[in-house]
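> Sharing a structure with you now.
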Amino acid sequence: PSWDGLARLRVCFGHQSVGADIVKALSALTGNHLEVIETNDAEVLQHPVFVHFRVGQNRDPFSKIQAFAQVIDSGVGQRVDIALFKLCYVDINANTDIDTLFLNYQSTMALLRERYPKVIFLHVTVPLMCVRGGVMIWLREKAGCVNREREDQSRRHAYNQLLRDAYGSSGRLFDLAEIEATYPDGAPSFFLYRGELVPTLVSGYTHAGGHLTQRASARAAEQLIFRLDAIAASRADGCREL
């Protein structure tokens, strides 16, 4: 990346656990090029910096949307260049009404963009889990047993598709789920469920089913840096669509 452009940015990132994995790796990658601080204090944003903070409560995605908006309205929106937050895999399961959730997210982000037209709001897909497979799993499904892990993942994928459809062509989407579901050689990681290909976290990217390994965290952080760098370049060129 062009560190000159990235080092001029003021970025805020709301997250929980998977985000912490990524931020730790990002801090190591940026080194002295961009200061990384855990805070949601707007005063810190008087100079180029990457600030991050815990947002909302896990398993309550609406709390995260609301908490992010509150941070932006606290003064952060007056100073930050790029703002983003992410939900977690535990926030969406088979019982989640993703249409209502997405409507809440989309309307909140639209209001924030209207209030703070100079801020670039970057949208982030929901991270995935590593879903088990094998003959016994397949046999249980054939016997009519509900596979909760696959139901949950299918719902996460459906929500991510809503994000991609809404923001994928805007240059304002960081597709974390796609990164997690892509092997280093570029091959996709997925399973077939009810006739649909559902992306799943590459097994080698996690030790616990959802949290990222150091290498996977670095891979995600690197892609986030490139996305931020592309935005920085667009800003320098005077591109206002982003």
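Simple scheme: letters A, B, ... for chains in structure tokens order, numbers from 1 for residues in each chain, numbers from 1 for ligands in the order shown.
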Can you pull out the residues contacting Tyr105 of chain A? Cut-off 12 Å, using only C-alpha atoms, and skip same-chain residues under 6 positions away; I want them as a PyMOL selection string.
chain A and resi 61-69+85-87+98-99+111-112+123-124+159+162-163+166
> Just N, CA, C and O atoms for this one: save the residues we selected as a CSV table (one decimal), in the first residue's frame.

chain,number,residue,atom,x,y,z
A,61,PRO,N,-27.3,-7.7,17.6
A,61,PRO,CA,-26.7,-6.9,16.6
A,61,PRO,C,-27.3,-5.5,16.5
A,61,PRO,O,-26.7,-4.5,16.2
A,62,PHE,N,-28.6,-5.4,17.0
A,62,PHE,CA,-29.2,-4.0,17.0
A,62,PHE,C,-28.5,-3.1,18.0
A,62,PHE,O,-28.3,-1.9,17.8
A,63,SER,N,-27.9,-3.7,19.1
A,63,SER,CA,-27.2,-2.9,20.0
A,63,SER,C,-25.9,-2.4,19.4
A,63,SER,O,-25.4,-1.3,19.8
A,64,LYS,N,-25.3,-3.1,18.5
A,64,LYS,CA,-24.1,-2.7,17.9
A,64,LYS,C,-24.3,-1.6,16.9
A,64,LYS,O,-23.5,-0.6,16.8
A,65,ILE,N,-25.4,-1.7,16.1
A,65,ILE,CA,-25.8,-0.6,15.2
A,65,ILE,C,-26.0,0.7,16.0
A,65,ILE,O,-25.5,1.7,15.6
A,66,GLN,N,-26.8,0.6,17.0
A,66,GLN,CA,-27.1,1.8,17.8
A,66,GLN,C,-25.8,2.3,18.5
A,66,GLN,O,-25.7,3.6,18.5
A,67,ALA,N,-25.0,1.5,19.0
A,67,ALA,CA,-23.8,2.0,19.7
A,67,ALA,C,-22.8,2.6,18.7
A,67,ALA,O,-22.2,3.7,19.1
A,68,PHE,N,-22.7,2.1,17.5
A,68,PHE,CA,-21.9,2.7,16.5
A,68,PHE,C,-22.4,4.1,16.2
A,68,PHE,O,-21.6,5.1,16.1
A,69,ALA,N,-23.7,4.2,16.0
A,69,ALA,CA,-24.3,5.5,15.6
A,69,ALA,C,-24.0,6.5,16.8
A,69,ALA,O,-23.7,7.7,16.5
A,85,PHE,N,-17.8,-0.5,11.2
A,85,PHE,CA,-18.0,-1.4,12.3
A,85,PHE,C,-18.5,-2.7,11.7
A,85,PHE,O,-18.9,-2.8,10.6
A,86,LYS,N,-18.3,-3.8,12.5
A,86,LYS,CA,-18.7,-5.1,12.0
A,86,LYS,C,-19.5,-5.8,13.1
A,86,LYS,O,-19.4,-5.7,14.3
A,87,LEU,N,-20.5,-6.6,12.6
A,87,LEU,CA,-21.2,-7.6,13.4
A,87,LEU,C,-20.3,-8.8,13.6
A,87,LEU,O,-19.3,-8.9,12.9
A,98,ILE,N,-33.3,-11.4,9.2
A,98,ILE,CA,-32.2,-10.6,8.6
A,98,ILE,C,-32.8,-9.4,7.8
A,98,ILE,O,-32.1,-8.4,7.6
A,99,ASP,N,-34.0,-9.5,7.3
A,99,ASP,CA,-34.6,-8.4,6.6
A,99,ASP,C,-34.8,-7.2,7.5
A,99,ASP,O,-34.5,-6.1,7.1
A,111,LEU,N,-28.8,7.6,7.5
A,111,LEU,CA,-28.9,8.8,8.3
A,111,LEU,C,-27.6,9.3,8.7
A,111,LEU,O,-27.3,10.5,8.7
A,112,LEU,N,-26.6,8.4,9.0
A,112,LEU,CA,-25.3,8.9,9.4
A,112,LEU,C,-24.6,9.5,8.2
A,112,LEU,O,-23.9,10.6,8.3
A,123,HIS,N,-18.7,-0.5,4.7
A,123,HIS,CA,-19.5,-1.6,5.2
A,123,HIS,C,-18.8,-2.9,5.2
A,123,HIS,O,-17.9,-3.2,4.4
A,124,VAL,N,-19.0,-3.8,6.2
A,124,VAL,CA,-18.3,-5.0,6.5
A,124,VAL,C,-19.2,-6.2,6.5
A,124,VAL,O,-20.2,-6.2,7.3
A,159,TYR,N,-27.5,-12.7,4.9
A,159,TYR,CA,-27.3,-11.3,5.3
A,159,TYR,C,-26.2,-10.6,4.5
A,159,TYR,O,-26.3,-9.5,4.1
A,162,LEU,N,-27.2,-9.5,1.2
A,162,LEU,CA,-27.9,-8.2,1.2
A,162,LEU,C,-26.9,-7.0,1.2
A,162,LEU,O,-27.1,-6.0,0.5
A,163,LEU,N,-25.8,-7.2,2.0
A,163,LEU,CA,-24.8,-6.2,2.0
A,163,LEU,C,-24.1,-6.0,0.7
A,163,LEU,O,-23.9,-4.9,0.2
A,166,ALA,N,-26.4,-4.3,-1.9
A,166,ALA,CA,-26.6,-2.9,-1.6
A,166,ALA,C,-25.3,-2.0,-1.8
A,166,ALA,O,-25.4,-0.9,-2.2
> If we count only C-alpha atoms, what is near Pro188 of chain A at a cut-off of 10 Å, once residues fewer than 5 positions away on the same chain are taken out, given as a list in words?
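Contacts, with the query itself left out: Glu178, Ile179, Glu180, Ala181, Thr182, Tyr183, Pro199, Thr200, Leu201 and Val202 of chain A.
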> Which of these residues is nearest to Phe191 of chain A, using only C-alpha atoms: A:Met109, A:Val131, A:Ala220, A:Ala208?
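Smallest separation from Phe191 of chain A among the options: A:Val131.
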> Quick check for you: according to DSSP on this backbone, which residues of segment 58-181 of chain A are classed as alpha helix (DSSP H)? Reply as a PyMOL selection string.
chain A and resi 61-73+98-115+135-142+148-167+176-180
> With C-alpha atoms retained, could you export that selection as a PDB file, in the first residue's frame?

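New file selection21.pdb:
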ATOM      1  CA  PRO A  61     -26.746  -6.888  16.551  1.00  0.00           C
ATOM      2  CA  PHE A  62     -29.201  -4.022  17.023  1.00  0.00           C
ATOM      3  CA  SER A  63     -27.182  -2.882  20.048  1.00  0.00           C
ATOM      4  CA  LYS A  64     -24.080  -2.709  17.874  1.00  0.00           C
ATOM      5  CA  ILE A  65     -25.791  -0.627  15.202  1.00  0.00           C
ATOM      6  CA  GLN A  66     -27.102   1.757  17.848  1.00  0.00           C
ATOM      7  CA  ALA A  67     -23.784   1.954  19.709  1.00  0.00           C
ATOM      8  CA  PHE A  68     -21.873   2.746  16.511  1.00  0.00           C
ATOM      9  CA  ALA A  69     -24.278   5.540  15.650  1.00  0.00           C
ATOM     10  CA  GLN A  70     -23.901   6.962  19.172  1.00  0.00           C
ATOM     11  CA  VAL A  71     -20.112   7.007  18.840  1.00  0.00           C
ATOM     12  CA  ILE A  72     -20.323   8.800  15.488  1.00  0.00           C
ATOM     13  CA  ASP A  73     -22.766  11.329  16.948  1.00  0.00           C
ATOM     14  CA  ILE A  98     -32.242 -10.639   8.554  1.00  0.00           C
ATOM     15  CA  ASP A  99     -34.608  -8.418   6.564  1.00  0.00           C
ATOM     16  CA  THR A 100     -35.537  -6.410   9.669  1.00  0.00           C
ATOM     17  CA  LEU A 101     -31.910  -6.325  10.788  1.00  0.00           C
ATOM     18  CA  PHE A 102     -30.680  -5.131   7.414  1.00  0.00           C
ATOM     19  CA  LEU A 103     -33.392  -2.479   7.179  1.00  0.00           C
ATOM     20  CA  ASN A 104     -32.315  -1.163  10.588  1.00  0.00           C
ATOM     21  CA  TYR A 105     -28.663  -1.190   9.534  1.00  0.00           C
ATOM     22  CA  GLN A 106     -29.282   0.418   6.144  1.00  0.00           C
ATOM     23  CA  SER A 107     -31.531   3.173   7.498  1.00  0.00           C
ATOM     24  CA  THR A 108     -29.086   3.969  10.319  1.00  0.00           C
ATOM     25  CA  MET A 109     -26.142   4.175   7.935  1.00  0.00           C
ATOM     26  CA  ALA A 110     -28.120   6.317   5.505  1.00  0.00           C
ATOM     27  CA  LEU A 111     -28.920   8.771   8.303  1.00  0.00           C
ATOM     28  CA  LEU A 112     -25.285   8.897   9.376  1.00  0.00           C
ATOM     29  CA  ARG A 113     -24.143   9.505   5.829  1.00  0.00           C
ATOM     30  CA  GLU A 114     -26.670  12.334   5.535  1.00  0.00           C
ATOM     31  CA  ARG A 115     -25.481  13.916   8.785  1.00  0.00           C
ATOM     32  CA  VAL A 135     -20.400 -38.554   5.921  1.00  0.00           C
ATOM     33  CA  MET A 136     -22.203 -38.692   9.273  1.00  0.00           C
ATOM     34  CA  ILE A 137     -23.323 -35.075   8.928  1.00  0.00           C
ATOM     35  CA  TRP A 138     -24.619 -35.829   5.448  1.00  0.00           C
ATOM     36  CA  LEU A 139     -26.463 -38.923   6.619  1.00  0.00           C
ATOM     37  CA  ARG A 140     -28.175 -37.014   9.428  1.00  0.00           C
ATOM     38  CA  GLU A 141     -29.313 -34.378   6.980  1.00  0.00           C
ATOM     39  CA  LYS A 142     -30.619 -37.025   4.583  1.00  0.00           C
ATOM     40  CA  ARG A 148     -28.147 -25.960  13.237  1.00  0.00           C
ATOM     41  CA  GLU A 149     -24.582 -25.001  12.308  1.00  0.00           C
ATOM     42  CA  ARG A 150     -25.452 -24.987   8.626  1.00  0.00           C
ATOM     43  CA  GLU A 151     -28.727 -23.173   9.207  1.00  0.00           C
ATOM     44  CA  ASP A 152     -26.869 -20.455  11.103  1.00  0.00           C
ATOM     45  CA  GLN A 153     -24.199 -20.133   8.437  1.00  0.00           C
ATOM     46  CA  SER A 154     -26.764 -20.033   5.664  1.00  0.00           C
ATOM     47  CA  ARG A 155     -28.455 -17.125   7.423  1.00  0.00           C
ATOM     48  CA  ARG A 156     -25.148 -15.257   7.785  1.00  0.00           C
ATOM     49  CA  HIS A 157     -24.543 -15.761   4.087  1.00  0.00           C
ATOM     50  CA  ALA A 158     -28.008 -14.429   3.246  1.00  0.00           C
ATOM     51  CA  TYR A 159     -27.346 -11.298   5.294  1.00  0.00           C
ATOM     52  CA  ASN A 160     -23.979 -10.825   3.618  1.00  0.00           C
ATOM     53  CA  GLN A 161     -25.651 -11.081   0.236  1.00  0.00           C
ATOM     54  CA  LEU A 162     -27.899  -8.185   1.211  1.00  0.00           C
ATOM     55  CA  LEU A 163     -24.791  -6.151   2.038  1.00  0.00           C
ATOM     56  CA  ARG A 164     -23.132  -7.096  -1.246  1.00  0.00           C
ATOM     57  CA  ASP A 165     -26.206  -6.247  -3.283  1.00  0.00           C
ATOM     58  CA  ALA A 166     -26.566  -2.873  -1.587  1.00  0.00           C
ATOM     59  CA  TYR A 167     -22.932  -1.762  -1.360  1.00  0.00           C
ATOM     60  CA  LEU A 176     -14.422 -10.023   5.305  1.00  0.00           C
ATOM     61  CA  ALA A 177     -16.576 -13.120   4.811  1.00  0.00           C
ATOM     62  CA  GLU A 178     -15.202 -13.652   1.316  1.00  0.00           C
ATOM     63  CA  ILE A 179     -11.639 -13.377   2.613  1.00  0.00           C
ATOM     64  CA  GLU A 180     -12.392 -15.946   5.296  1.00  0.00           C
TER      65      GLU A 180
END
> Identify, with DSSP run on backbone atoms, the residues in segment 8-114 of chain A assigned to strand (DSSP E or B), and express the list as a PyMOL selection string.
chain A and resi 10-15+36-38+49-54+57+60+82-85
